[in-house]
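The block underneath contains the structure these notes are about, expressed in structure tokens.
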Amino acid sequence: MKKYFENTEIAFRLKTNTELERAYFLFKMIANEPLVRIGTAVTNFCIKAHLPVDGLIRATVFDHFCGGINEEDCLWKVEKMHEAGVNCILDYSVEGKEEEKYFDHACEKILKLISFSENNKALPYSVFKPTGFGRFALYQKIGEGKTLTAAEQDEWNRVVERFDKVCKKAYEADVPLLVDAEESWMQDAADDLIEEMMRRYNKEKAIVYNTLQMYRWDRLDYLKSLHEKAKSDGFHIGMKVVRGAYMEKENERANENSYKTPICESKKATDDNYNAGIVYMLDHLDCMSIFAGTHNEESSYMLMELMNERGIDPADKRIYFGQLYGMSDHISYNLANDGYNVAKYMPFGPVKDVMPYLIRRAEENTSVSGQTSRELNLLKAERHRRKIL
């Protein structure tokens, strides 16, 4: 099985030679950390100065990592991928907004996306970020147990209303809804709110999913605690299990504020924690559903092997594998080729509004050991197979 993900013909079969060459060029650029820093600074400057760079961004990094500027723009890619067995999750990736009108707009957008996904097998989930529906500082204040002003309480009530509106819509449309995780110092308030949504809408099966960032050493205990509540209160648990996306920021803040970092002490400890979370959920699959969000081959092998040992059908809807659009196609398409459930996060939105997401992708690829070199080696192998070197 160790050569399972080496089949580049399957991995890149949807890519034209031009697209393959663009991907190779992009990952070569991303592999150069100083270049990423310079490119990020220049891009931010150009956008803030309203320079006409949208076309260049769209033709390169945007089109590789994003589906389009709106959901309709994504559809031809979604349908093409579905024919190859890989599904999509349309991810409205506009970040960093702090005003009520943007929160209301995001809520309406997610409601529309749930309707868009209803009865569409190519779109098995919808997704949103907690800070898409409310201010980061408000989540933080609530998580720290501080008293809200009357205005802040009204503001929080609107956040709760937005959560309930989209979760209810997801329940009625029978579309599972993933809620992304964010920084630890705002996550407690989000966890509590998502738990309440699980109580309301996960009575028969998992519709509302929280996200476990397993680079946090406390997340397995959190899962076990939630499981006890689920057993006593009679609801199902849905979890997207990932390693995490804010490691540098988490460690820096812990250091600056002199508290123990929530991040595991090593990469191995994170890997072990991630795998333990997956095993725990498999042990309780009667009341849990797993979205295994990983670009890690070993964790993917482990889940596949455990499913095989336990006689779990690869097509069992309680287990999905997930990767990001534009990354780890060797995992996604080879899994789908063997009948496993796979869904790629497909970000979309106006180019300038999606730039914070794209910059984070570039920075993460630069910082994650081995990720970019693995992508490059696979792309190089496929170029060689196609004789386009």
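Starting from 1 in every chain, residues are counted up; chains themselves are A, B, ... following the order of the structure tokens, and ligands are numbered from 1 as listed.
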Give me, as a PDB file with C-alpha atoms, in the first residue's frame, all polymer residues having an atom no more than 12 Å from A:Asn7, counting only C-alpha atoms and skipping those fewer than 3 positions away in the same chain.
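Once written, out00.pdb looks like this:
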```
ATOM      1  CA  MET A   1       0.000   0.000   0.000  1.00  0.00           C
ATOM      2  CA  LYS A   2       2.977   2.318   0.489  1.00  0.00           C
ATOM      3  CA  LYS A   3       3.040   3.074  -3.266  1.00  0.00           C
ATOM      4  CA  TYR A   4      -0.693   3.738  -3.345  1.00  0.00           C
ATOM      5  CA  ILE A  10      -4.583   9.223 -11.845  1.00  0.00           C
ATOM      6  CA  ALA A  11      -3.562  12.138  -9.605  1.00  0.00           C
ATOM      7  CA  PHE A  12      -3.241  14.661 -12.437  1.00  0.00           C
ATOM      8  CA  ARG A  13      -5.529  13.237 -15.069  1.00  0.00           C
ATOM      9  CA  ASP A 329      -4.258  15.607  -5.771  1.00  0.00           C
ATOM     10  CA  HIS A 330      -2.225  12.398  -5.491  1.00  0.00           C
ATOM     11  CA  ILE A 331      -4.171  11.590  -2.311  1.00  0.00           C
ATOM     12  CA  SER A 332      -7.597  12.833  -3.432  1.00  0.00           C
ATOM     13  CA  TYR A 333      -7.819  11.226  -6.858  1.00  0.00           C
ATOM     14  CA  ASN A 334      -6.201   7.913  -5.948  1.00  0.00           C
ATOM     15  CA  LEU A 335      -8.583   7.542  -2.997  1.00  0.00           C
ATOM     16  CA  ASN A 337     -10.399   5.972  -7.820  1.00  0.00           C
ATOM     17  CA  LEU A 378       4.958  14.354  -8.030  1.00  0.00           C
ATOM     18  CA  LEU A 379       4.487  17.094 -10.636  1.00  0.00           C
ATOM     19  CA  ALA A 381       7.184  12.673 -12.208  1.00  0.00           C
ATOM     20  CA  GLU A 382       4.025  13.393 -14.188  1.00  0.00           C
ATOM     21  CA  ARG A 385       5.599  10.495 -17.724  1.00  0.00           C
TER      22      ARG A 385
END
```
Can I get the residues of stretch 161-208 of chain A within 12 Å of stretch 262-271 of chain A, each with the closest pair of atoms and their distance in Å to one decimal, using only C-alpha atoms, sorted chain first then ascending number, as a Markdown table?
```
| residue | atom | partner | partner_atom | distance |
| --- | --- | --- | --- | --- |
| A:Glu183 | CA | A:Pro262 | CA | 10.2 |
| A:Ser184 | CA | A:Pro262 | CA | 7.6 |
| A:Trp185 | CA | A:Pro262 | CA | 9.8 |
| A:Gln187 | CA | A:Pro262 | CA | 11.9 |
```
How would you write, as an mmCIF file with N, CA and C atoms, in the first residue's frame, the set of residues in stretch 27-142 of chain A that DSSP gives as helix (DSSP H, G or I)?
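That gives us states.cif:
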```
data_model
loop_
_atom_site.group_PDB
_atom_site.id
_atom_site.type_symbol
_atom_site.label_atom_id
_atom_site.label_comp_id
_atom_site.auth_asym_id
_atom_site.auth_seq_id
_atom_site.Cartn_x
_atom_site.Cartn_y
_atom_site.Cartn_z
ATOM 1 N N PHE A 27 4.558 25.918 -7.367
ATOM 2 C CA PHE A 27 5.157 25.253 -6.206
ATOM 3 C C PHE A 27 6.664 25.494 -6.135
ATOM 4 N N LYS A 28 7.305 25.700 -7.280
ATOM 5 C CA LYS A 28 8.722 26.082 -7.246
ATOM 6 C C LYS A 28 8.880 27.462 -6.601
ATOM 7 N N MET A 29 7.945 28.364 -6.904
ATOM 8 C CA MET A 29 7.982 29.690 -6.291
ATOM 9 C C MET A 29 7.718 29.605 -4.782
ATOM 10 N N ILE A 30 6.715 28.811 -4.415
ATOM 11 C CA ILE A 30 6.327 28.686 -3.007
ATOM 12 C C ILE A 30 7.453 28.049 -2.186
ATOM 13 N N GLU A 33 11.183 30.512 0.361
ATOM 14 C CA GLU A 33 10.579 31.297 1.445
ATOM 15 C C GLU A 33 10.785 32.807 1.298
ATOM 16 N N PRO A 34 11.996 33.297 0.982
ATOM 17 C CA PRO A 34 12.163 34.752 0.804
ATOM 18 C C PRO A 34 11.283 35.292 -0.313
ATOM 19 N N LEU A 35 11.125 34.498 -1.384
ATOM 20 C CA LEU A 35 10.284 34.923 -2.501
ATOM 21 C C LEU A 35 8.821 35.035 -2.080
ATOM 22 N N VAL A 36 8.361 34.101 -1.239
ATOM 23 C CA VAL A 36 6.986 34.157 -0.737
ATOM 24 C C VAL A 36 6.776 35.426 0.084
ATOM 25 N N ARG A 37 7.742 35.739 0.945
ATOM 26 C CA ARG A 37 7.619 36.956 1.770
ATOM 27 C C ARG A 37 7.577 38.212 0.916
ATOM 28 N N ILE A 38 8.459 38.284 -0.070
ATOM 29 C CA ILE A 38 8.502 39.452 -0.951
ATOM 30 C C ILE A 38 7.225 39.534 -1.782
ATOM 31 N N GLY A 39 6.812 38.392 -2.330
ATOM 32 C CA GLY A 39 5.596 38.362 -3.151
ATOM 33 C C GLY A 39 4.360 38.755 -2.366
ATOM 34 N N THR A 40 4.298 38.308 -1.117
ATOM 35 C CA THR A 40 3.169 38.670 -0.250
ATOM 36 C C THR A 40 3.123 40.170 -0.014
ATOM 37 N N ALA A 41 4.269 40.744 0.300
ATOM 38 C CA ALA A 41 4.333 42.192 0.561
ATOM 39 C C ALA A 41 3.963 42.992 -0.681
ATOM 40 N N VAL A 42 4.493 42.593 -1.828
ATOM 41 C CA VAL A 42 4.211 43.310 -3.076
ATOM 42 C C VAL A 42 2.732 43.188 -3.441
ATOM 43 N N THR A 43 2.179 41.988 -3.297
ATOM 44 C CA THR A 43 0.759 41.776 -3.617
ATOM 45 C C THR A 43 -0.132 42.622 -2.718
ATOM 46 N N ASN A 44 0.141 42.618 -1.416
ATOM 47 C CA ASN A 44 -0.651 43.440 -0.495
ATOM 48 C C ASN A 44 -0.570 44.913 -0.866
ATOM 49 N N PHE A 45 0.616 45.381 -1.211
ATOM 50 C CA PHE A 45 0.788 46.785 -1.596
ATOM 51 C C PHE A 45 -0.026 47.099 -2.848
ATOM 52 N N CYS A 46 0.063 46.233 -3.854
ATOM 53 C CA CYS A 46 -0.649 46.466 -5.115
ATOM 54 C C CYS A 46 -2.161 46.523 -4.918
ATOM 55 N N ILE A 47 -2.678 45.629 -4.063
ATOM 56 C CA ILE A 47 -4.123 45.601 -3.816
ATOM 57 C C ILE A 47 -4.560 46.855 -3.067
ATOM 58 N N LYS A 48 -3.799 47.230 -2.018
ATOM 59 C CA LYS A 48 -4.147 48.434 -1.252
ATOM 60 C C LYS A 48 -4.025 49.696 -2.087
ATOM 61 N N ASP A 54 -5.380 42.184 -10.608
ATOM 62 C CA ASP A 54 -6.342 41.083 -10.507
ATOM 63 C C ASP A 54 -6.128 40.040 -11.595
ATOM 64 N N GLY A 55 -5.876 40.496 -12.824
ATOM 65 C CA GLY A 55 -5.722 39.574 -13.946
ATOM 66 C C GLY A 55 -4.533 38.656 -13.764
ATOM 67 N N LEU A 56 -3.415 39.226 -13.308
ATOM 68 C CA LEU A 56 -2.207 38.424 -13.096
ATOM 69 C C LEU A 56 -2.416 37.419 -11.972
ATOM 70 N N ILE A 57 -3.013 37.885 -10.856
ATOM 71 C CA ILE A 57 -3.267 36.990 -9.715
ATOM 72 C C ILE A 57 -4.212 35.873 -10.123
ATOM 73 N N ARG A 58 -5.255 36.238 -10.862
ATOM 74 C CA ARG A 58 -6.249 35.248 -11.252
ATOM 75 C C ARG A 58 -5.653 34.187 -12.178
ATOM 76 N N ALA A 59 -4.766 34.602 -13.064
ATOM 77 C CA ALA A 59 -4.191 33.658 -14.037
ATOM 78 C C ALA A 59 -3.161 32.735 -13.415
ATOM 79 N N THR A 60 -2.730 33.011 -12.200
ATOM 80 C CA THR A 60 -1.679 32.209 -11.578
ATOM 81 C C THR A 60 -2.182 31.548 -10.298
ATOM 82 N N VAL A 61 -1.873 32.172 -9.161
ATOM 83 C CA VAL A 61 -2.147 31.548 -7.867
ATOM 84 C C VAL A 61 -3.642 31.383 -7.615
ATOM 85 N N PHE A 62 -4.463 32.360 -8.031
ATOM 86 C CA PHE A 62 -5.906 32.282 -7.775
ATOM 87 C C PHE A 62 -6.526 31.076 -8.480
ATOM 88 N N ASP A 63 -6.254 30.938 -9.772
ATOM 89 C CA ASP A 63 -6.884 29.851 -10.511
ATOM 90 C C ASP A 63 -6.395 28.473 -10.070
ATOM 91 N N HIS A 64 -5.201 28.409 -9.468
ATOM 92 C CA HIS A 64 -4.710 27.115 -8.988
ATOM 93 C C HIS A 64 -5.371 26.717 -7.674
ATOM 94 N N PHE A 65 -5.544 27.670 -6.751
ATOM 95 C CA PHE A 65 -6.043 27.362 -5.411
ATOM 96 C C PHE A 65 -7.519 27.701 -5.199
ATOM 97 N N GLU A 71 -19.995 31.281 -6.907
ATOM 98 C CA GLU A 71 -20.296 29.849 -6.926
ATOM 99 C C GLU A 71 -20.599 29.333 -8.332
ATOM 100 N N GLU A 72 -21.271 30.161 -9.156
ATOM 101 C CA GLU A 72 -21.573 29.740 -10.526
ATOM 102 C C GLU A 72 -20.291 29.545 -11.327
ATOM 103 N N ASP A 73 -19.312 30.399 -11.045
ATOM 104 C CA ASP A 73 -18.010 30.335 -11.702
ATOM 105 C C ASP A 73 -17.307 29.008 -11.425
ATOM 106 N N CYS A 74 -17.610 28.395 -10.296
ATOM 107 C CA CYS A 74 -16.947 27.148 -9.875
ATOM 108 C C CYS A 74 -17.566 25.907 -10.495
ATOM 109 N N LEU A 75 -18.786 26.015 -10.982
ATOM 110 C CA LEU A 75 -19.566 24.813 -11.281
ATOM 111 C C LEU A 75 -18.925 23.884 -12.307
ATOM 112 N N TRP A 76 -18.318 24.432 -13.347
ATOM 113 C CA TRP A 76 -17.750 23.545 -14.371
ATOM 114 C C TRP A 76 -16.603 22.729 -13.795
ATOM 115 N N LYS A 77 -15.837 23.324 -12.863
ATOM 116 C CA LYS A 77 -14.763 22.577 -12.213
ATOM 117 C C LYS A 77 -15.343 21.505 -11.292
ATOM 118 N N VAL A 78 -16.389 21.866 -10.556
ATOM 119 C CA VAL A 78 -17.045 20.921 -9.650
ATOM 120 C C VAL A 78 -17.538 19.698 -10.420
ATOM 121 N N GLU A 79 -18.193 19.942 -11.529
ATOM 122 C CA GLU A 79 -18.763 18.849 -12.318
ATOM 123 C C GLU A 79 -17.668 17.967 -12.931
ATOM 124 N N LYS A 80 -16.603 18.617 -13.403
ATOM 125 C CA LYS A 80 -15.483 17.881 -13.991
ATOM 126 C C LYS A 80 -14.825 16.975 -12.948
ATOM 127 N N MET A 81 -14.633 17.501 -11.719
ATOM 128 C CA MET A 81 -14.022 16.715 -10.651
ATOM 129 C C MET A 81 -14.941 15.581 -10.216
ATOM 130 N N HIS A 82 -16.239 15.852 -10.159
ATOM 131 C CA HIS A 82 -17.205 14.832 -9.741
ATOM 132 C C HIS A 82 -17.190 13.636 -10.688
ATOM 133 N N GLU A 83 -17.006 13.900 -11.961
ATOM 134 C CA GLU A 83 -16.928 12.808 -12.944
ATOM 135 C C GLU A 83 -15.742 11.895 -12.660
ATOM 136 N N GLU A 100 -21.227 44.454 10.744
ATOM 137 C CA GLU A 100 -22.467 43.668 10.740
ATOM 138 C C GLU A 100 -22.973 43.379 9.328
ATOM 139 N N LYS A 101 -22.833 44.349 8.433
ATOM 140 C CA LYS A 101 -23.350 44.132 7.069
ATOM 141 C C LYS A 101 -22.610 42.980 6.386
ATOM 142 N N TYR A 102 -21.326 42.839 6.686
ATOM 143 C CA TYR A 102 -20.556 41.729 6.096
ATOM 144 C C TYR A 102 -20.954 40.396 6.723
ATOM 145 N N PHE A 103 -21.235 40.402 8.025
ATOM 146 C CA PHE A 103 -21.674 39.177 8.694
ATOM 147 C C PHE A 103 -23.034 38.725 8.148
ATOM 148 N N ASP A 104 -23.930 39.676 7.945
ATOM 149 C CA ASP A 104 -25.243 39.350 7.374
ATOM 150 C C ASP A 104 -25.098 38.822 5.947
ATOM 151 N N HIS A 105 -24.198 39.458 5.199
ATOM 152 C CA HIS A 105 -23.965 39.015 3.822
ATOM 153 C C HIS A 105 -23.400 37.595 3.804
ATOM 154 N N ALA A 106 -22.445 37.319 4.701
ATOM 155 C CA ALA A 106 -21.856 35.980 4.766
ATOM 156 C C ALA A 106 -22.911 34.939 5.123
ATOM 157 N N CYS A 107 -23.789 35.286 6.055
ATOM 158 C CA CYS A 107 -24.867 34.367 6.447
ATOM 159 C C CYS A 107 -25.768 34.049 5.250
ATOM 160 N N GLU A 108 -26.150 35.083 4.516
ATOM 161 C CA GLU A 108 -26.998 34.873 3.338
ATOM 162 C C GLU A 108 -26.269 34.042 2.286
ATOM 163 N N LYS A 109 -24.967 34.266 2.174
ATOM 164 C CA LYS A 109 -24.168 33.502 1.211
ATOM 165 C C LYS A 109 -24.150 32.019 1.583
ATOM 166 N N ILE A 110 -23.979 31.716 2.866
ATOM 167 C CA ILE A 110 -23.948 30.309 3.296
ATOM 168 C C ILE A 110 -25.317 29.658 3.110
ATOM 169 N N LEU A 111 -26.377 30.391 3.399
ATOM 170 C CA LEU A 111 -27.724 29.868 3.157
ATOM 171 C C LEU A 111 -27.904 29.517 1.681
ATOM 172 N N LYS A 112 -27.409 30.399 0.811
ATOM 173 C CA LYS A 112 -27.499 30.155 -0.630
ATOM 174 C C LYS A 112 -26.676 28.927 -1.017
ATOM 175 N N LEU A 113 -25.496 28.786 -0.420
ATOM 176 C CA LEU A 113 -24.632 27.650 -0.744
ATOM 177 C C LEU A 113 -25.237 26.327 -0.279
ATOM 178 N N ILE A 114 -25.929 26.357 0.856
ATOM 179 C CA ILE A 114 -26.611 25.142 1.318
ATOM 180 C C ILE A 114 -27.680 24.738 0.306
ATOM 181 N N SER A 115 -28.451 25.717 -0.165
ATOM 182 C CA SER A 115 -29.456 25.447 -1.200
ATOM 183 C C SER A 115 -28.785 24.945 -2.476
ATOM 184 N N PHE A 116 -27.637 25.529 -2.788
ATOM 185 C CA PHE A 116 -26.866 25.160 -3.967
ATOM 186 C C PHE A 116 -26.427 23.700 -3.883
ATOM 187 N N SER A 117 -26.115 23.246 -2.654
ATOM 188 C CA SER A 117 -25.617 21.885 -2.439
ATOM 189 C C SER A 117 -26.725 20.856 -2.301
ATOM 190 N N PRO A 130 -16.482 30.679 11.929
ATOM 191 C CA PRO A 130 -17.177 31.445 12.972
ATOM 192 C C PRO A 130 -17.014 32.956 12.828
ATOM 193 N N THR A 131 -15.803 33.411 12.470
ATOM 194 C CA THR A 131 -15.588 34.862 12.346
ATOM 195 C C THR A 131 -16.187 35.425 11.061
ATOM 196 N N GLY A 132 -16.784 34.565 10.250
ATOM 197 C CA GLY A 132 -17.592 35.065 9.146
ATOM 198 C C GLY A 132 -18.925 35.609 9.633
ATOM 199 N N PHE A 136 -14.125 38.620 15.948
ATOM 200 C CA PHE A 136 -13.162 37.782 16.677
ATOM 201 C C PHE A 136 -13.119 38.186 18.148
ATOM 202 N N ALA A 137 -13.024 39.489 18.402
ATOM 203 C CA ALA A 137 -12.884 39.982 19.775
ATOM 204 C C ALA A 137 -14.094 39.637 20.631
ATOM 205 N N LEU A 138 -15.248 39.511 20.003
ATOM 206 C CA LEU A 138 -16.459 39.154 20.748
ATOM 207 C C LEU A 138 -16.402 37.692 21.192
ATOM 208 N N TYR A 139 -16.001 36.816 20.272
ATOM 209 C CA TYR A 139 -15.800 35.406 20.656
ATOM 210 C C TYR A 139 -14.790 35.320 21.798
ATOM 211 N N GLN A 140 -13.706 36.075 21.678
ATOM 212 C CA GLN A 140 -12.646 36.023 22.685
ATOM 213 C C GLN A 140 -13.168 36.468 24.051
ATOM 214 N N LYS A 141 -13.923 37.539 24.066
ATOM 215 C CA LYS A 141 -14.428 38.071 25.336
ATOM 216 C C LYS A 141 -15.361 37.067 26.016
ATOM 217 N N ILE A 142 -16.205 36.438 25.225
ATOM 218 C CA ILE A 142 -17.126 35.439 25.767
ATOM 219 C C ILE A 142 -16.351 34.221 26.271
#
```
Legend entry - Residue nearest A:Gly238 - candidates A:Asp218, A:Asp154, A:Glu309, A:Glu195, atoms counted: only C-alpha atoms: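 Distance minimum relative to A:Gly238 lands on A:Glu195.
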Skipping near chain neighbours, those fewer than 6 positions away, what residues fall within 9 Å of stretch 240-253 of chain A using only C-alpha atoms, listed as a PDB file with N, CA and C atoms, in the first residue's frame?
```
ATOM      1  N   LEU A 178     -19.926  21.971   7.870  1.00  0.00           N
ATOM      2  CA  LEU A 178     -18.645  22.032   8.572  1.00  0.00           C
ATOM      3  C   LEU A 178     -18.413  23.440   9.107  1.00  0.00           C
ATOM      4  N   VAL A 179     -18.039  23.543  10.380  1.00  0.00           N
ATOM      5  CA  VAL A 179     -17.685  24.841  10.958  1.00  0.00           C
ATOM      6  C   VAL A 179     -16.182  24.818  11.229  1.00  0.00           C
ATOM      7  N   ASP A 180     -15.462  25.683  10.555  1.00  0.00           N
ATOM      8  CA  ASP A 180     -14.003  25.697  10.691  1.00  0.00           C
ATOM      9  C   ASP A 180     -13.574  26.158  12.078  1.00  0.00           C
ATOM     10  N   ALA A 181     -12.378  25.720  12.489  1.00  0.00           N
ATOM     11  CA  ALA A 181     -11.786  26.179  13.748  1.00  0.00           C
ATOM     12  C   ALA A 181     -10.847  27.342  13.471  1.00  0.00           C
ATOM     13  N   GLU A 182     -10.640  28.164  14.500  1.00  0.00           N
ATOM     14  CA  GLU A 182      -9.749  29.315  14.369  1.00  0.00           C
ATOM     15  C   GLU A 182      -8.788  29.344  15.558  1.00  0.00           C
ATOM     16  N   GLU A 183      -8.287  30.510  15.923  1.00  0.00           N
ATOM     17  CA  GLU A 183      -7.295  30.592  16.987  1.00  0.00           C
ATOM     18  C   GLU A 183      -7.873  30.148  18.330  1.00  0.00           C
ATOM     19  N   SER A 184      -7.011  29.584  19.182  1.00  0.00           N
ATOM     20  CA  SER A 184      -7.467  28.980  20.432  1.00  0.00           C
ATOM     21  C   SER A 184      -8.136  29.986  21.362  1.00  0.00           C
ATOM     22  N   TRP A 185      -7.693  31.246  21.340  1.00  0.00           N
ATOM     23  CA  TRP A 185      -8.232  32.210  22.306  1.00  0.00           C
ATOM     24  C   TRP A 185      -9.607  32.752  21.937  1.00  0.00           C
ATOM     25  N   TYR A 209     -20.999  19.903  12.077  1.00  0.00           N
ATOM     26  CA  TYR A 209     -19.654  19.400  12.376  1.00  0.00           C
ATOM     27  C   TYR A 209     -18.806  20.526  12.965  1.00  0.00           C
ATOM     28  N   ASN A 210     -18.122  20.244  14.057  1.00  0.00           N
ATOM     29  CA  ASN A 210     -17.095  21.152  14.547  1.00  0.00           C
ATOM     30  C   ASN A 210     -15.756  20.732  13.921  1.00  0.00           C
ATOM     31  N   THR A 211     -14.688  21.453  14.230  1.00  0.00           N
ATOM     32  CA  THR A 211     -13.358  21.110  13.725  1.00  0.00           C
ATOM     33  C   THR A 211     -12.393  20.954  14.883  1.00  0.00           C
ATOM     34  N   LEU A 212     -11.671  19.835  14.885  1.00  0.00           N
ATOM     35  CA  LEU A 212     -10.622  19.587  15.874  1.00  0.00           C
ATOM     36  C   LEU A 212      -9.265  19.875  15.245  1.00  0.00           C
ATOM     37  N   GLN A 213      -8.552  20.850  15.780  1.00  0.00           N
ATOM     38  CA  GLN A 213      -7.179  21.105  15.344  1.00  0.00           C
ATOM     39  C   GLN A 213      -6.246  20.308  16.258  1.00  0.00           C
ATOM     40  N   MET A 214      -5.751  19.203  15.742  1.00  0.00           N
ATOM     41  CA  MET A 214      -5.056  18.247  16.597  1.00  0.00           C
ATOM     42  C   MET A 214      -3.604  18.617  16.881  1.00  0.00           C
ATOM     43  N   TYR A 215      -3.131  19.744  16.383  1.00  0.00           N
ATOM     44  CA  TYR A 215      -1.845  20.232  16.882  1.00  0.00           C
ATOM     45  C   TYR A 215      -2.002  20.836  18.270  1.00  0.00           C
ATOM     46  N   ARG A 216      -3.247  20.933  18.732  1.00  0.00           N
ATOM     47  CA  ARG A 216      -3.517  21.321  20.118  1.00  0.00           C
ATOM     48  C   ARG A 216      -3.568  20.068  20.989  1.00  0.00           C
ATOM     49  N   TYR A 259       2.067  32.042  28.871  1.00  0.00           N
ATOM     50  CA  TYR A 259       1.264  30.877  29.258  1.00  0.00           C
ATOM     51  C   TYR A 259       1.711  29.687  28.414  1.00  0.00           C
ATOM     52  N   LYS A 260       1.352  28.491  28.857  1.00  0.00           N
ATOM     53  CA  LYS A 260       1.756  27.278  28.148  1.00  0.00           C
ATOM     54  C   LYS A 260       1.118  27.243  26.769  1.00  0.00           C
ATOM     55  N   THR A 261       1.926  27.023  25.757  1.00  0.00           N
ATOM     56  CA  THR A 261       1.381  26.968  24.411  1.00  0.00           C
ATOM     57  C   THR A 261       0.379  25.813  24.278  1.00  0.00           C
ATOM     58  N   PRO A 262      -0.701  26.047  23.530  1.00  0.00           N
ATOM     59  CA  PRO A 262      -1.656  24.954  23.307  1.00  0.00           C
ATOM     60  C   PRO A 262      -1.192  23.964  22.245  1.00  0.00           C
ATOM     61  N   ILE A 263      -0.032  24.256  21.639  1.00  0.00           N
ATOM     62  CA  ILE A 263       0.460  23.430  20.540  1.00  0.00           C
ATOM     63  C   ILE A 263       1.293  22.257  21.072  1.00  0.00           C
ATOM     64  N   THR A 270       2.011  15.824  17.396  1.00  0.00           N
ATOM     65  CA  THR A 270       0.826  16.253  16.635  1.00  0.00           C
ATOM     66  C   THR A 270       0.287  15.102  15.802  1.00  0.00           C
ATOM     67  N   ASP A 271       1.182  14.398  15.110  1.00  0.00           N
ATOM     68  CA  ASP A 271       0.756  13.255  14.290  1.00  0.00           C
ATOM     69  C   ASP A 271       0.080  12.192  15.146  1.00  0.00           C
ATOM     70  N   ASN A 273      -1.382  12.609  18.012  1.00  0.00           N
ATOM     71  CA  ASN A 273      -2.648  13.157  18.512  1.00  0.00           C
ATOM     72  C   ASN A 273      -3.724  13.078  17.436  1.00  0.00           C
ATOM     73  N   TYR A 274      -3.339  13.440  16.203  1.00  0.00           N
ATOM     74  CA  TYR A 274      -4.286  13.363  15.082  1.00  0.00           C
ATOM     75  C   TYR A 274      -4.778  11.926  14.898  1.00  0.00           C
ATOM     76  N   GLY A 277      -7.131  10.757  17.570  1.00  0.00           N
ATOM     77  CA  GLY A 277      -8.479  11.311  17.389  1.00  0.00           C
ATOM     78  C   GLY A 277      -9.279  10.522  16.370  1.00  0.00           C
ATOM     79  N   ILE A 278      -8.635  10.159  15.264  1.00  0.00           N
ATOM     80  CA  ILE A 278      -9.298   9.358  14.230  1.00  0.00           C
ATOM     81  C   ILE A 278      -9.689   7.990  14.782  1.00  0.00           C
ATOM     82  N   SER A 289     -19.376  10.966  13.085  1.00  0.00           N
ATOM     83  CA  SER A 289     -19.039  10.996  11.666  1.00  0.00           C
ATOM     84  C   SER A 289     -17.751  11.794  11.499  1.00  0.00           C
ATOM     85  N   ILE A 290     -16.896  11.298  10.618  1.00  0.00           N
ATOM     86  CA  ILE A 290     -15.530  11.832  10.496  1.00  0.00           C
ATOM     87  C   ILE A 290     -15.330  12.486   9.138  1.00  0.00           C
ATOM     88  N   PHE A 291     -14.811  13.712   9.165  1.00  0.00           N
ATOM     89  CA  PHE A 291     -14.265  14.321   7.963  1.00  0.00           C
ATOM     90  C   PHE A 291     -12.765  14.444   8.216  1.00  0.00           C
ATOM     91  N   ALA A 292     -11.985  13.534   7.619  1.00  0.00           N
ATOM     92  CA  ALA A 292     -10.545  13.479   7.878  1.00  0.00           C
ATOM     93  C   ALA A 292      -9.840  14.443   6.930  1.00  0.00           C
ATOM     94  N   GLY A 293      -9.609  15.655   7.408  1.00  0.00           N
ATOM     95  CA  GLY A 293      -8.964  16.674   6.598  1.00  0.00           C
ATOM     96  C   GLY A 293      -7.457  16.574   6.736  1.00  0.00           C
ATOM     97  N   THR A 294      -6.810  15.943   5.756  1.00  0.00           N
ATOM     98  CA  THR A 294      -5.372  15.743   5.899  1.00  0.00           C
ATOM     99  C   THR A 294      -4.682  15.664   4.552  1.00  0.00           C
ATOM    100  N   GLY A 322     -10.643  14.551   3.138  1.00  0.00           N
ATOM    101  CA  GLY A 322     -10.709  15.889   2.558  1.00  0.00           C
ATOM    102  C   GLY A 322      -9.344  16.520   2.383  1.00  0.00           C
ATOM    103  N   ARG A 360      -2.152  32.925   3.103  1.00  0.00           N
ATOM    104  CA  ARG A 360      -1.994  31.912   4.151  1.00  0.00           C
ATOM    105  C   ARG A 360      -1.616  30.554   3.549  1.00  0.00           C
ATOM    106  N   GLU A 364       1.731  28.645   4.521  1.00  0.00           N
ATOM    107  CA  GLU A 364       1.654  27.316   5.119  1.00  0.00           C
ATOM    108  C   GLU A 364       2.448  26.302   4.309  1.00  0.00           C
TER     109      GLU A 364
END
```
Legend entry - Selected residue of minimal separation from A:Lys224 among A:Met186, A:Val94, A:Met288, A:Cys167, counting only C-alpha atoms: A:Met288
